[in-house]
$ cat entry_27.txt   # compact mmCIF, C-alpha atoms
# COMPACT_ATOMS: atom_id res chain seq x y z
CA MET A 1 81.64 106.85 92.39
CA THR A 2 83.44 110.18 92.19
CA LEU A 3 87.17 110.57 91.60
CA ARG A 4 88.06 114.21 92.01
CA THR A 5 91.42 115.70 91.12
CA ASN A 6 92.98 118.75 92.70
CA ALA A 7 92.70 121.95 90.67
CA LYS A 8 95.07 123.91 92.91
CA PRO A 9 98.06 125.56 91.19
CA LEU A 10 100.48 123.95 93.65
CA ILE A 11 100.68 121.07 96.12
CA CYS A 12 100.66 122.05 99.80
CA ASN A 13 102.01 119.57 102.35
CA PRO A 14 102.42 116.80 99.75
CA LEU A 15 101.11 113.29 100.25
CA LYS A 16 102.75 111.79 97.16
CA THR A 17 106.30 110.43 97.10
CA SER A 18 108.42 110.48 93.96
CA GLN A 19 108.29 107.74 91.33
CA PRO A 20 112.09 107.25 91.32
CA LEU A 21 111.94 106.37 95.01
CA GLY A 22 109.43 103.64 94.16
CA GLY A 23 111.81 102.31 91.52
CA VAL A 24 114.68 102.25 94.02
CA LEU A 25 112.47 100.42 96.53
CA ALA A 26 111.56 97.75 93.96
CA LEU A 27 115.22 97.03 93.23
CA GLN A 28 115.91 96.50 96.93
CA GLY A 29 113.98 93.24 96.50
CA ILE A 30 116.54 91.76 94.06
CA TYR A 31 119.75 90.24 95.42
CA ARG A 32 123.01 92.04 94.54
CA SER A 33 121.22 94.77 92.63
CA LEU A 34 122.10 98.45 92.33
CA PRO A 35 119.80 101.30 91.26
CA ILE A 36 121.42 104.21 89.40
CA LEU A 37 119.37 107.41 89.49
CA HIS A 38 120.09 109.33 86.29
CA GLY A 39 119.79 112.85 87.66
CA SER A 40 121.22 115.25 90.18
CA GLN A 41 122.87 114.26 93.46
CA GLY A 42 119.84 115.51 95.39
CA CYS A 43 117.50 112.98 93.75
CA ALA A 44 119.53 110.06 95.12
CA SER A 45 120.03 111.72 98.53
CA PHE A 46 116.29 112.23 98.94
CA ALA A 47 115.45 108.61 98.15
CA LYS A 48 118.27 107.17 100.25
CA THR A 49 117.41 109.34 103.27
CA LEU A 50 113.73 108.44 103.35
CA LEU A 51 114.33 104.73 102.74
CA THR A 52 117.04 104.53 105.38
CA ARG A 53 114.94 106.35 107.99
CA HIS A 54 111.92 104.13 107.29
CA PHE A 55 113.68 100.74 107.20
CA HIS A 56 116.62 101.53 109.53
CA GLU A 57 118.81 99.62 107.07
CA PRO A 58 121.50 100.65 104.56
CA VAL A 59 119.98 101.20 101.12
CA ALA A 60 121.83 100.52 97.86
CA VAL A 61 121.64 103.43 95.38
CA GLN A 62 124.03 105.30 93.08
CA THR A 63 123.66 108.44 90.96
CA THR A 64 125.05 109.95 87.77
CA ALA A 65 125.32 113.27 89.71
CA LEU A 66 124.31 115.53 86.82
CA GLN A 67 125.00 119.25 87.04
CA GLU A 68 123.83 122.12 84.81
CA MET A 69 126.61 121.81 82.22
CA ASP A 70 126.23 118.02 82.04
CA VAL A 71 122.58 118.39 81.10
CA ILE A 72 123.31 121.05 78.49
CA PHE A 73 126.21 119.34 76.75
CA ASP A 74 126.32 115.57 77.35
CA ALA A 75 124.33 113.87 80.12
CA ASP A 76 124.95 110.48 78.48
CA ARG A 77 128.65 110.70 79.28
CA ASN A 78 127.88 110.68 83.01
CA LEU A 79 125.63 107.63 82.57
CA ILE A 80 128.31 105.65 80.72
CA GLU A 81 130.94 106.55 83.30
CA ALA A 82 128.61 105.50 86.11
CA LEU A 83 127.86 102.16 84.44
CA GLU A 84 131.54 101.42 83.79
CA THR A 85 132.48 102.32 87.38
CA VAL A 86 129.73 100.20 88.89
CA LEU A 87 130.51 97.17 86.72
CA GLU A 88 134.24 97.39 87.39
CA LYS A 89 134.13 98.00 91.15
CA HIS A 90 130.98 96.26 92.37
CA ARG A 91 129.99 93.67 89.71
CA PRO A 92 126.26 93.70 90.53
CA ASP A 93 123.90 91.02 89.24
CA CYS A 94 121.26 93.60 88.33
CA ILE A 95 121.52 97.31 87.46
CA GLY A 96 118.45 99.49 87.17
CA VAL A 97 118.90 102.89 85.48
CA ILE A 98 116.09 105.15 86.69
CA SER A 99 115.33 108.46 85.03
CA THR A 100 114.28 111.57 86.94
CA ALA A 101 112.37 114.74 86.06
CA LEU A 102 115.69 116.38 85.13
CA THR A 103 116.65 113.85 82.44
CA GLU A 104 113.07 113.49 81.20
CA ALA A 105 112.57 117.24 80.82
CA SER A 106 115.93 117.67 79.08
CA GLY A 107 115.05 115.01 76.51
CA ALA A 108 118.13 112.85 77.08
CA ASP A 109 118.04 109.57 75.12
CA TYR A 110 119.28 107.49 78.06
CA ALA A 111 117.44 104.35 76.87
CA GLY A 112 119.22 104.43 73.51
CA THR A 113 122.55 105.06 75.23
CA LEU A 114 121.98 102.10 77.54
CA ASN A 115 121.03 99.76 74.69
CA LYS A 116 124.17 100.76 72.79
CA PHE A 117 126.27 100.21 75.93
CA LYS A 118 124.82 96.70 76.42
CA ARG A 119 125.52 95.73 72.80
CA GLU A 120 129.11 96.96 72.95
CA ARG A 121 129.85 95.28 76.31
CA CYS A 122 127.98 92.02 75.49
CA LEU A 123 126.50 91.87 79.01
CA LYS A 124 125.07 88.38 79.42
CA ASP A 125 125.36 87.57 83.10
CA THR A 126 124.36 91.02 84.38
CA LEU A 127 120.79 92.21 83.96
CA VAL A 128 120.77 95.91 83.00
CA VAL A 129 117.39 97.60 82.65
CA THR A 130 116.09 101.14 82.38
CA CYS A 131 112.84 102.71 83.53
CA SER A 132 111.28 106.10 82.80
CA LEU A 133 110.10 107.52 86.14
CA PRO A 134 109.78 111.32 86.11
CA ASP A 135 108.82 112.89 89.43
CA TYR A 136 106.04 114.98 87.90
CA ARG A 137 103.89 111.91 87.17
CA GLY A 138 102.56 109.16 89.44
CA SER A 139 103.93 108.40 92.88
CA LEU A 140 105.86 105.70 94.76
CA GLU A 141 103.30 103.03 93.83
CA SER A 142 103.50 103.61 90.07
CA GLY A 143 107.30 103.78 90.18
CA PHE A 144 107.47 100.47 92.06
CA SER A 145 105.19 98.79 89.51
CA ALA A 146 106.98 100.21 86.47
CA MET A 147 110.39 99.11 87.77
CA THR A 148 109.09 95.57 88.39
CA GLU A 149 107.71 95.47 84.85
CA ALA A 150 111.06 96.69 83.47
CA VAL A 151 112.87 93.86 85.29
CA PHE A 152 110.55 91.28 83.72
CA ASP A 153 111.08 92.92 80.32
CA GLY A 154 114.82 92.45 80.79
CA LEU A 155 114.45 88.84 81.91
CA LEU A 156 112.22 88.02 78.95
CA GLU A 157 114.68 89.70 76.58
CA GLN A 158 117.54 87.61 77.96
CA ALA A 159 115.51 84.40 77.75
CA GLY A 160 114.51 85.00 74.13
CA ARG A 161 111.52 83.20 72.65
CA LYS A 162 112.59 79.69 73.54
CA PRO A 163 109.62 77.67 74.88
CA GLN A 164 110.18 76.62 78.48
CA LYS A 165 108.45 73.81 80.30
CA PRO A 166 106.50 75.04 83.34
CA VAL A 167 107.65 73.93 86.78
CA LYS A 168 104.78 72.18 88.56
CA ARG A 169 103.38 73.88 91.66
CA GLN A 170 105.68 76.89 91.30
CA ILE A 171 103.93 80.19 91.94
CA ASN A 172 105.04 83.76 91.24
CA LEU A 173 104.20 86.39 93.86
CA LEU A 174 104.20 90.07 92.91
CA PRO A 175 103.67 92.02 96.16
CA GLY A 176 102.48 95.63 96.03
CA SER A 177 104.60 98.56 97.15
CA TRP A 178 102.74 99.11 100.44
CA LEU A 179 103.29 95.58 101.76
CA THR A 180 105.86 95.40 104.55
CA ALA A 181 108.72 92.91 104.79
CA GLY A 182 106.59 91.08 107.36
CA ASP A 183 103.64 90.99 104.94
CA VAL A 184 105.73 89.49 102.12
CA MET A 185 107.14 86.84 104.45
CA GLU A 186 103.62 85.99 105.67
CA LEU A 187 102.37 85.74 102.09
CA LYS A 188 105.15 83.34 101.13
CA GLU A 189 104.35 81.18 104.16
CA ILE A 190 100.60 81.17 103.43
CA ILE A 191 101.03 80.22 99.77
CA GLY A 192 103.73 77.68 100.67
CA SER A 193 101.41 76.02 103.20
CA PHE A 194 99.22 74.91 100.29
CA GLY A 195 102.10 72.94 98.77
CA PHE A 196 103.47 75.57 96.38
CA ASP A 197 107.02 76.78 95.84
CA VAL A 198 106.89 80.57 95.93
CA LEU A 199 109.14 83.00 94.05
CA ALA A 200 108.51 86.66 94.96
CA LEU A 201 109.67 89.72 93.07
CA PRO A 202 110.40 92.22 94.48
CA ASP A 203 111.14 90.30 97.68
CA VAL A 204 111.84 92.80 100.46
CA SER A 205 111.21 90.16 103.13
CA THR A 206 114.87 89.09 103.05
CA SER A 207 116.48 92.44 102.28
CA LEU A 208 114.67 95.10 104.33
CA SER A 209 113.46 93.03 107.28
CA GLY A 210 116.49 93.69 109.49
CA HIS A 211 119.71 91.68 109.75
CA LEU A 212 123.08 91.73 111.46
CA LEU A 213 125.27 90.87 108.49
CA THR A 214 128.78 92.21 108.97
CA GLY A 215 130.91 94.04 106.47
CA PHE A 216 130.01 96.70 103.93
CA THR A 217 128.62 96.20 100.46
CA PRO A 218 127.14 98.83 98.11
CA LEU A 219 124.75 96.17 96.73
CA THR A 220 121.50 94.86 98.16
CA ARG A 221 122.08 92.15 100.78
CA GLY A 222 118.85 90.23 100.27
CA GLY A 223 115.96 89.77 97.88
CA VAL A 224 115.33 87.24 95.13
CA PRO A 225 118.54 86.05 93.38
CA LEU A 226 118.70 86.69 89.65
CA ASP A 227 118.79 82.94 88.87
CA ALA A 228 115.55 82.49 90.83
CA ALA A 229 114.04 85.51 89.05
CA ARG A 230 114.78 83.82 85.73
CA GLN A 231 112.98 80.72 86.99
CA MET A 232 109.85 82.84 87.43
CA LEU A 233 109.40 82.66 83.64
CA ARG A 234 108.60 78.94 84.10
CA SER A 235 106.00 79.22 86.87
CA GLU A 236 102.49 77.82 86.56
CA PHE A 237 100.70 80.85 87.94
CA THR A 238 101.22 84.47 89.07
CA ILE A 239 99.56 86.10 92.07
CA ALA A 240 99.68 89.91 92.07
CA ILE A 241 98.76 91.93 95.16
CA GLY A 242 97.44 95.38 94.30
CA SER A 243 95.93 96.69 91.07
CA SER A 244 99.19 98.50 90.31
CA MET A 245 100.93 95.12 89.95
CA GLU A 246 98.62 93.97 87.16
CA ARG A 247 100.91 95.43 84.47
CA PRO A 248 103.94 93.30 85.53
CA ALA A 249 101.66 90.26 85.81
CA ARG A 250 100.24 90.91 82.36
CA ARG A 251 103.77 91.30 81.00
CA LEU A 252 104.57 87.80 82.27
CA PHE A 253 101.39 86.50 80.71
CA ASN A 254 102.12 88.09 77.32
CA GLY A 255 105.79 87.14 77.32
CA ALA A 256 105.75 83.71 78.96
CA GLY A 257 102.09 82.65 78.86
CA ILE A 258 101.73 82.51 82.66
CA PRO A 259 98.12 83.07 83.83
CA TYR A 260 97.58 85.45 86.71
CA ARG A 261 95.11 86.68 89.32
CA VAL A 262 95.13 90.16 90.85
CA PHE A 263 93.97 90.74 94.42
CA PRO A 264 93.24 94.43 95.13
CA GLY A 265 94.19 93.92 98.78
CA LEU A 266 94.48 91.26 101.46
CA THR A 267 93.39 93.17 104.58
CA GLY A 268 89.93 92.54 105.97
CA LEU A 269 87.73 89.50 106.46
CA GLN A 270 86.24 89.45 102.97
CA ALA A 271 89.56 89.99 101.20
CA SER A 272 91.30 87.31 103.29
CA ASP A 273 88.48 84.83 102.72
CA ALA A 274 88.68 85.37 98.95
CA PHE A 275 92.44 84.78 99.01
CA PHE A 276 92.24 81.53 101.00
CA HIS A 277 89.34 80.23 98.88
CA PHE A 278 91.40 80.90 95.76
CA LEU A 279 94.44 79.05 97.13
CA GLN A 280 92.22 76.16 98.19
CA ASP A 281 90.75 75.87 94.68
CA LEU A 282 94.12 76.28 92.97
CA SER A 283 95.93 73.69 95.12
CA ARG A 284 92.99 71.34 95.76
CA GLU A 285 94.18 71.29 99.37
CA SER A 286 92.18 72.19 102.46
CA VAL A 287 92.99 75.34 104.43
CA PRO A 288 95.54 74.54 107.18
CA VAL A 289 94.10 74.48 110.69
CA ARG A 290 96.20 77.38 111.93
CA TYR A 291 94.55 79.76 109.46
CA ARG A 292 91.10 78.57 110.48
CA TRP A 293 92.00 79.45 114.07
CA GLN A 294 93.32 82.84 112.91
CA ARG A 295 89.95 83.50 111.26
CA GLU A 296 88.17 82.70 114.53
CA ASN A 297 90.56 85.05 116.35
CA LEU A 298 89.82 87.81 113.83
CA LEU A 299 86.04 87.42 114.19
CA ASP A 300 86.36 87.66 117.97
CA ALA A 301 88.59 90.74 117.64
CA MET A 302 86.05 92.40 115.34
CA LEU A 303 83.30 91.74 117.88
CA ASP A 304 85.38 93.09 120.77
CA ALA A 305 86.37 96.26 118.88
CA HIS A 306 83.16 97.18 117.10
CA PHE A 307 82.02 99.42 119.99
CA TYR A 308 84.94 101.76 119.26
CA PHE A 309 84.73 101.68 115.46
CA ALA A 310 81.01 101.72 114.63
CA GLY A 311 80.03 105.19 113.46
CA ALA A 312 83.53 106.62 113.92
CA LYS A 313 84.67 109.10 111.29
CA ALA A 314 88.06 108.74 109.63
CA VAL A 315 90.44 110.43 107.23
CA VAL A 316 92.61 108.06 105.17
CA ALA A 317 95.40 109.46 102.97
CA LEU A 318 97.59 106.84 101.27
CA GLU A 319 98.84 105.48 97.96
CA PRO A 320 95.89 104.29 95.78
CA ASP A 321 96.14 100.51 96.32
CA HIS A 322 96.84 100.94 100.02
CA LEU A 323 93.96 103.43 100.30
CA LEU A 324 91.41 101.02 98.81
CA SER A 325 92.69 98.12 100.93
CA SER A 326 92.49 100.19 104.13
CA ALA A 327 89.05 101.55 103.28
CA ALA A 328 87.75 97.99 102.80
CA TRP A 329 88.60 96.73 106.31
CA LEU A 330 87.52 99.99 107.94
CA GLU A 331 84.13 99.69 106.25
CA GLU A 332 83.81 96.17 107.64
CA MET A 333 84.24 97.71 111.10
CA GLY A 334 81.48 100.28 110.49
CA VAL A 335 83.75 103.31 110.01
CA GLU A 336 82.51 106.32 108.04
CA PHE A 337 84.84 108.54 106.02
CA ASN A 338 85.34 112.29 106.12
CA ALA A 339 87.85 111.96 103.31
CA LEU A 340 89.67 109.34 101.26
CA VAL A 341 92.69 111.04 99.70
CA ALA A 342 95.00 109.33 97.19
CA SER A 343 98.47 110.45 96.18
CA TYR A 344 97.59 110.47 92.45
CA ASP A 345 94.71 109.58 90.10
CA ALA A 346 95.51 105.90 89.49
CA ALA A 347 93.32 103.84 87.17
CA CYS A 348 92.09 101.57 90.00
CA LEU A 349 90.35 104.55 91.63
CA GLN A 350 88.02 104.83 88.63
CA GLN A 351 86.54 101.41 89.42
CA THR A 352 85.51 101.98 93.04
CA GLU A 353 82.16 103.18 94.35
CA ARG A 354 83.78 105.38 97.00
CA ASP A 355 84.21 109.14 96.83
CA ILE A 356 87.98 109.72 96.48
CA LEU A 357 90.10 112.82 96.05
CA ALA A 358 93.52 112.80 94.43
CA GLY A 359 95.20 115.51 96.45
CA ASP A 360 97.49 116.39 99.35
CA PHE A 361 97.44 116.65 103.13
CA GLU A 362 96.03 120.19 102.97
CA ASP A 363 92.94 118.78 101.22
CA ALA A 364 92.66 115.99 103.82
CA GLU A 365 92.87 118.51 106.67
CA ARG A 366 90.25 120.75 105.05
CA LEU A 367 87.78 117.82 105.00
CA SER A 368 88.66 116.48 108.45
CA GLU A 369 86.18 118.33 110.66
CA GLY A 370 84.85 115.91 113.28
CA ALA A 371 87.23 113.12 112.30
CA GLU A 372 88.20 110.74 115.10
CA LEU A 373 90.83 108.64 113.27
CA TRP A 374 93.52 109.72 110.82
CA ILE A 375 95.53 107.12 108.85
CA SER A 376 98.48 108.22 106.72
CA ASN A 377 102.27 108.25 106.60
CA SER A 378 104.26 110.22 109.16
CA HIS A 379 104.02 113.44 107.18
CA GLY A 380 100.32 113.69 108.10
CA LYS A 381 100.82 113.53 111.85
CA HIS A 382 100.68 117.29 112.49
CA SER A 383 97.51 117.60 110.40
CA ALA A 384 95.90 114.90 112.53
CA GLU A 385 96.87 116.73 115.70
CA ARG A 386 95.38 119.99 114.44
CA CYS A 387 92.02 118.36 113.69
CA GLY A 388 91.99 116.41 116.98
CA ALA A 389 91.98 112.94 115.41
CA ALA A 390 93.81 109.88 116.68
CA PHE A 391 96.80 109.31 114.39
CA MET A 392 97.74 105.87 113.05
CA ALA A 393 100.87 105.67 110.91
CA ALA A 394 100.66 103.57 107.73
CA GLY A 395 102.32 103.46 104.33
CA PHE A 396 105.62 105.16 103.52
CA PRO A 397 107.46 106.78 105.17
CA ILE A 398 106.97 106.02 108.86
CA LEU A 399 109.71 107.98 110.56
CA ASP A 400 108.92 107.95 114.28
CA GLU A 401 108.07 104.31 115.02
CA LEU A 402 110.22 101.21 115.36
CA GLY A 403 109.34 97.99 113.55
CA ALA A 404 106.87 99.47 111.05
CA TYR A 405 108.68 97.67 108.20
CA THR A 406 108.16 94.25 109.83
CA SER A 407 104.59 94.77 111.08
CA LEU A 408 101.85 92.51 109.72
CA THR A 409 98.89 94.05 107.91
CA ILE A 410 97.50 91.28 105.65
CA GLY A 411 95.56 88.07 106.11
CA TYR A 412 93.52 87.18 109.18
CA ARG A 413 96.34 87.83 111.63
CA GLY A 414 97.41 91.08 110.01
CA THR A 415 93.84 92.38 109.90
CA MET A 416 93.45 91.61 113.60
CA GLU A 417 96.63 93.56 114.35
CA GLN A 418 95.37 96.52 112.32
CA ILE A 419 92.07 96.50 114.21
CA HIS A 420 93.84 96.39 117.56
CA LYS A 421 96.25 99.15 116.54
CA ALA A 422 93.54 101.52 115.32
CA GLY A 423 91.18 100.60 118.17
CA ASN A 424 93.84 101.39 120.74
CA ARG A 425 94.37 104.81 119.13
CA LEU A 426 90.64 105.52 119.37
CA MET A 427 90.53 104.40 123.01
CA GLN A 428 93.49 106.59 123.92
CA ARG A 429 91.91 109.57 122.18
CA GLU A 430 88.68 109.11 124.11
CA GLY A 431 90.61 108.74 127.36
CA LYS A 432 92.45 112.01 126.77
CA ARG A 433 89.22 113.83 125.94
CA HIS A 434 87.57 112.51 129.09
CA ALA A 435 90.59 113.50 131.23
CA GLY A 436 90.47 117.01 129.76
CA ARG A 437 86.85 117.45 130.85
CA VAL A 438 87.48 116.40 134.46
CA ARG A 439 87.89 119.30 136.87
CA HIS A 440 89.65 118.92 140.19
CA GLY A 441 88.37 121.06 143.09
$ encode --input "entry_27.txt" --output "structure tokens"
Amino acid sequence: MTLRTNAKPLICNPLKTSQPLGGVLALQGIYRSLPILHGSQGCASFAKTLLTRHFHEPVAVQTTALQEMDVIFDADRNLIEALETVLEKHRPDCIGVISTALTEASGADYAGTLNKFKRERCLKDTLVVTCSLPDYRGSLESGFSAMTEAVFDGLLEQAGRKPQKPVKRQINLLPGSWLTAGDVMELKEIIGSFGFDVLALPDVSTSLSGHLLTGFTPLTRGGVPLDAARQMLRSEFTIAIGSSMERPARRLFNGAGIPYRVFPGLTGLQASDAFFHFLQDLSRESVPVRYRWQRENLLDAMLDAHFYFAGAKAVVALEPDHLLSSAAWLEEMGVEFNALVASYDAACLQQTERDILAGDFEDAERLSEGAELWISNSHGKHSAERCGAAFMAAGFPILDELGAYTSLTIGYRGTMEQIHKAGNRLMQREGKRHAGRVRHG
């Protein structure tokens, strides 16, 4: 295994997305929550714009709107004013204060200010948490994980050290940042089909899956309610999807004694089989018939499509967990890799046998000679066109497709849809190449 990091003095055509955006995304999965970005107005505008264009839904976010003089003299004053305004006007159930590179570099003690504010206001019903997420470290995936961990820290702090009796057959689900609203809904249905009650956090399946609710609210319209989130401290088991979600799962284990299991990904035949075998052993129930039929459908789809995948060369540029999950099912289809490029050097990349580069789209394009398939977010589309590869949008953001946020990518059915989607791209590419070689007299 080789994990290489980029030694360039600057990032060209960046693949990574900021950590604060990942924190904002995590809070969208909690009902009546409101993220406050402690930084300049542009930090919040950037996150809100990308999230809105990807999900085609209004996104809840506020900012302390720091300017130069605020940072020099008293950035904490803006934070207190923002908290007081939000609590008075909107009364959210959960507030997440997210730092940015500006407040981190200036050395502002926002965590101490927030703790003092909570003690003075005696906030019992509202969960107020803070999370350090500077832009110059990590990416969307690490920000999403850190914000989830901060929420559990806050819940455990509110609950104290009182022993709580576990609720039988109640399962916690911690979905990774790359899972779509459709994926989270599918996961809840799969786990529920084995007789479990499922509590997911963050739960974007009910907040960013599309709805026609009328009226305006500055708070999130869906997600797990805070009362249900508190009940997660009494679950029998935690299932985390993605290596990045192991830290929140471990926090639950250390704070509430809840055992956990981490699944690196759930796309592909082997990964799906492992997940269903685990649920079967945990529940002592047989796999429902509909999932056995889905497995048969997947096997047939793999057989039908292997002519287009076997020996094909691909470039995959995604967040670390999503990258490893995608590489797994592509390998099952016989795909070879020109390049596997991750947005940052996450710990999970040290444990794989694949050759991975932590870099940007310029690095992916440099290694793409002869590639037939390119998988990345929408920002890599022009690079794919320049190297002549079929482009398949995945991850975040996807800006020029409808329904990406509800598409299914996990389990037997999701894997089959991924195979069909990528296979169709390869077929269309071959058709265009053939049409370009035909000469008309």
$ residues_near_point --input "entry_27.txt" --point "(125.1, 110.5, 76.3)" --cutoff "10 Å" --atoms "only C-alpha atoms" --output "ChimeraX atom specification"
/A:70-71,73-81,108-114
$ write_last_selection --input "entry_27.txt" --atoms "C-alpha atoms" --output "compact mmCIF listing (two decimals), in the frame of the given file"
# COMPACT_ATOMS: atom_id res chain seq x y z
CA ASP A 70 126.23 118.02 82.04
CA VAL A 71 122.58 118.39 81.10
CA PHE A 73 126.21 119.34 76.75
CA ASP A 74 126.32 115.57 77.35
CA ALA A 75 124.33 113.87 80.12
CA ASP A 76 124.95 110.48 78.48
CA ARG A 77 128.65 110.70 79.28
CA ASN A 78 127.88 110.68 83.01
CA LEU A 79 125.63 107.63 82.57
CA ILE A 80 128.31 105.65 80.72
CA GLU A 81 130.94 106.55 83.30
CA ALA A 108 118.13 112.85 77.08
CA ASP A 109 118.04 109.57 75.12
CA TYR A 110 119.28 107.49 78.06
CA ALA A 111 117.44 104.35 76.87
CA GLY A 112 119.22 104.43 73.51
CA THR A 113 122.55 105.06 75.23
CA LEU A 114 121.98 102.10 77.54
$ closest_residue --input "entry_27.txt" --among "A:Val335, A:Leu87, A:Ile30, A:Leu199" --to "Leu187 in chain A" --atoms "only C-alpha atoms"
A:Leu199
$ atom_distance --input "entry_27.txt" --atom1 "CA of Ile190 in chain A" --atom2 "CA of Glu285 in chain A"
12.5 Å
$ residues_around --input "entry_27.txt" --residues "Glu296 in chain A" --least-positions-apart "5" --cutoff "9 Å" --atoms "all atoms listed in the file" --output "PyMOL selection string"
chain A and resi 291+301+412
$ atom_distance --input "entry_27.txt" --atom1 "CA of His54 in chain A" --atom2 "CA of Leu298 in chain A"
28.2 Å
$ closest_residue --input "entry_27.txt" --among "A:Gly39, A:Gly160, A:Pro20, A:Gly265" --to "Thr103 in chain A" --atoms "only C-alpha atoms"
A:Gly39
$ closest_residue --input "entry_27.txt" --among "A:Gly359, A:Gly143, A:Gly414, A:Gly29" --to "Ala200 in chain A" --atoms "only C-alpha atoms"
A:Gly29
$ residues_around --input "entry_27.txt" --residues "Phe144 in chain A" --least-positions-apart "4" --cutoff "6 Å" --atoms "all atoms listed in the file" --output "ChimeraX atom specification"
/A:22-23,26
$ closest_residue --input "entry_27.txt" --among "A:Ala317, A:Ile36, A:Ala181, A:Val129" --to "Phe117 in chain A" --atoms "only C-alpha atoms"
A:Val129
$ closest_residue --input "entry_27.txt" --among "A:Leu269, A:Leu279, A:Leu155, A:Ala358" --to "Gly195 in chain A" --atoms "only C-alpha atoms"
A:Leu279
$ atom_distance --input "entry_27.txt" --atom1 "CA of Thr352 in chain A" --atom2 "CA of Leu408 in chain A"
25.2 Å
$ closest_residue --input "entry_27.txt" --among "A:Ala60, A:Ala240, A:Ala364, A:Ala249" --to "His382 in chain A" --atoms "only C-alpha atoms"
A:Ala364
$ build_atoms --input "entry_27.txt" --residues "range 108-119 of chain A" --atoms "N, CA, C and O atoms" --output "PDB file, keeping the file's coordinate frame"
ATOM      1  N   ALA A 108     116.969 113.728  77.259  1.00  0.00           N
ATOM      2  CA  ALA A 108     118.130 112.850  77.080  1.00  0.00           C
ATOM      3  C   ALA A 108     117.686 111.453  76.632  1.00  0.00           C
ATOM      4  O   ALA A 108     116.741 110.889  77.179  1.00  0.00           O
ATOM      5  N   ASP A 109     118.363 110.904  75.627  1.00  0.00           N
ATOM      6  CA  ASP A 109     118.040 109.570  75.120  1.00  0.00           C
ATOM      7  C   ASP A 109     118.840 108.525  75.910  1.00  0.00           C
ATOM      8  O   ASP A 109     119.716 107.839  75.381  1.00  0.00           O
ATOM      9  N   TYR A 110     118.535 108.412  77.200  1.00  0.00           N
ATOM     10  CA  TYR A 110     119.280 107.490  78.060  1.00  0.00           C
ATOM     11  C   TYR A 110     118.999 106.037  77.699  1.00  0.00           C
ATOM     12  O   TYR A 110     119.862 105.176  77.844  1.00  0.00           O
ATOM     13  N   ALA A 111     117.775 105.730  77.240  1.00  0.00           N
ATOM     14  CA  ALA A 111     117.440 104.350  76.870  1.00  0.00           C
ATOM     15  C   ALA A 111     118.269 103.894  75.673  1.00  0.00           C
ATOM     16  O   ALA A 111     118.793 102.772  75.651  1.00  0.00           O
ATOM     17  N   GLY A 112     118.403 104.772  74.667  1.00  0.00           N
ATOM     18  CA  GLY A 112     119.220 104.430  73.510  1.00  0.00           C
ATOM     19  C   GLY A 112     120.690 104.278  73.882  1.00  0.00           C
ATOM     20  O   GLY A 112     121.376 103.375  73.394  1.00  0.00           O
ATOM     21  N   THR A 113     121.158 105.157  74.770  1.00  0.00           N
ATOM     22  CA  THR A 113     122.550 105.060  75.230  1.00  0.00           C
ATOM     23  C   THR A 113     122.791 103.748  75.957  1.00  0.00           C
ATOM     24  O   THR A 113     123.824 103.095  75.768  1.00  0.00           O
ATOM     25  N   LEU A 114     121.833 103.345  76.785  1.00  0.00           N
ATOM     26  CA  LEU A 114     121.980 102.100  77.540  1.00  0.00           C
ATOM     27  C   LEU A 114     121.968 100.892  76.617  1.00  0.00           C
ATOM     28  O   LEU A 114     122.756  99.949  76.795  1.00  0.00           O
ATOM     29  N   ASN A 115     121.084 100.889  75.623  1.00  0.00           N
ATOM     30  CA  ASN A 115     121.030  99.760  74.690  1.00  0.00           C
ATOM     31  C   ASN A 115     122.345  99.639  73.902  1.00  0.00           C
ATOM     32  O   ASN A 115     122.840  98.523  73.676  1.00  0.00           O
ATOM     33  N   LYS A 116     122.894 100.771  73.490  1.00  0.00           N
ATOM     34  CA  LYS A 116     124.170 100.760  72.790  1.00  0.00           C
ATOM     35  C   LYS A 116     125.285 100.239  73.706  1.00  0.00           C
ATOM     36  O   LYS A 116     126.136  99.435  73.284  1.00  0.00           O
ATOM     37  N   PHE A 117     125.267 100.656  74.956  1.00  0.00           N
ATOM     38  CA  PHE A 117     126.270 100.210  75.930  1.00  0.00           C
ATOM     39  C   PHE A 117     126.200  98.696  76.119  1.00  0.00           C
ATOM     40  O   PHE A 117     127.226  98.014  76.168  1.00  0.00           O
ATOM     41  N   LYS A 118     124.985  98.148  76.223  1.00  0.00           N
ATOM     42  CA  LYS A 118     124.820  96.700  76.420  1.00  0.00           C
ATOM     43  C   LYS A 118     125.315  95.910  75.210  1.00  0.00           C
ATOM     44  O   LYS A 118     125.920  94.845  75.359  1.00  0.00           O
ATOM     45  N   ARG A 119     125.055  96.430  74.001  1.00  0.00           N
ATOM     46  CA  ARG A 119     125.520  95.730  72.800  1.00  0.00           C
ATOM     47  C   ARG A 119     127.045  95.732  72.727  1.00  0.00           C
ATOM     48  O   ARG A 119     127.662  94.721  72.388  1.00  0.00           O
TER      49      ARG A 119
END
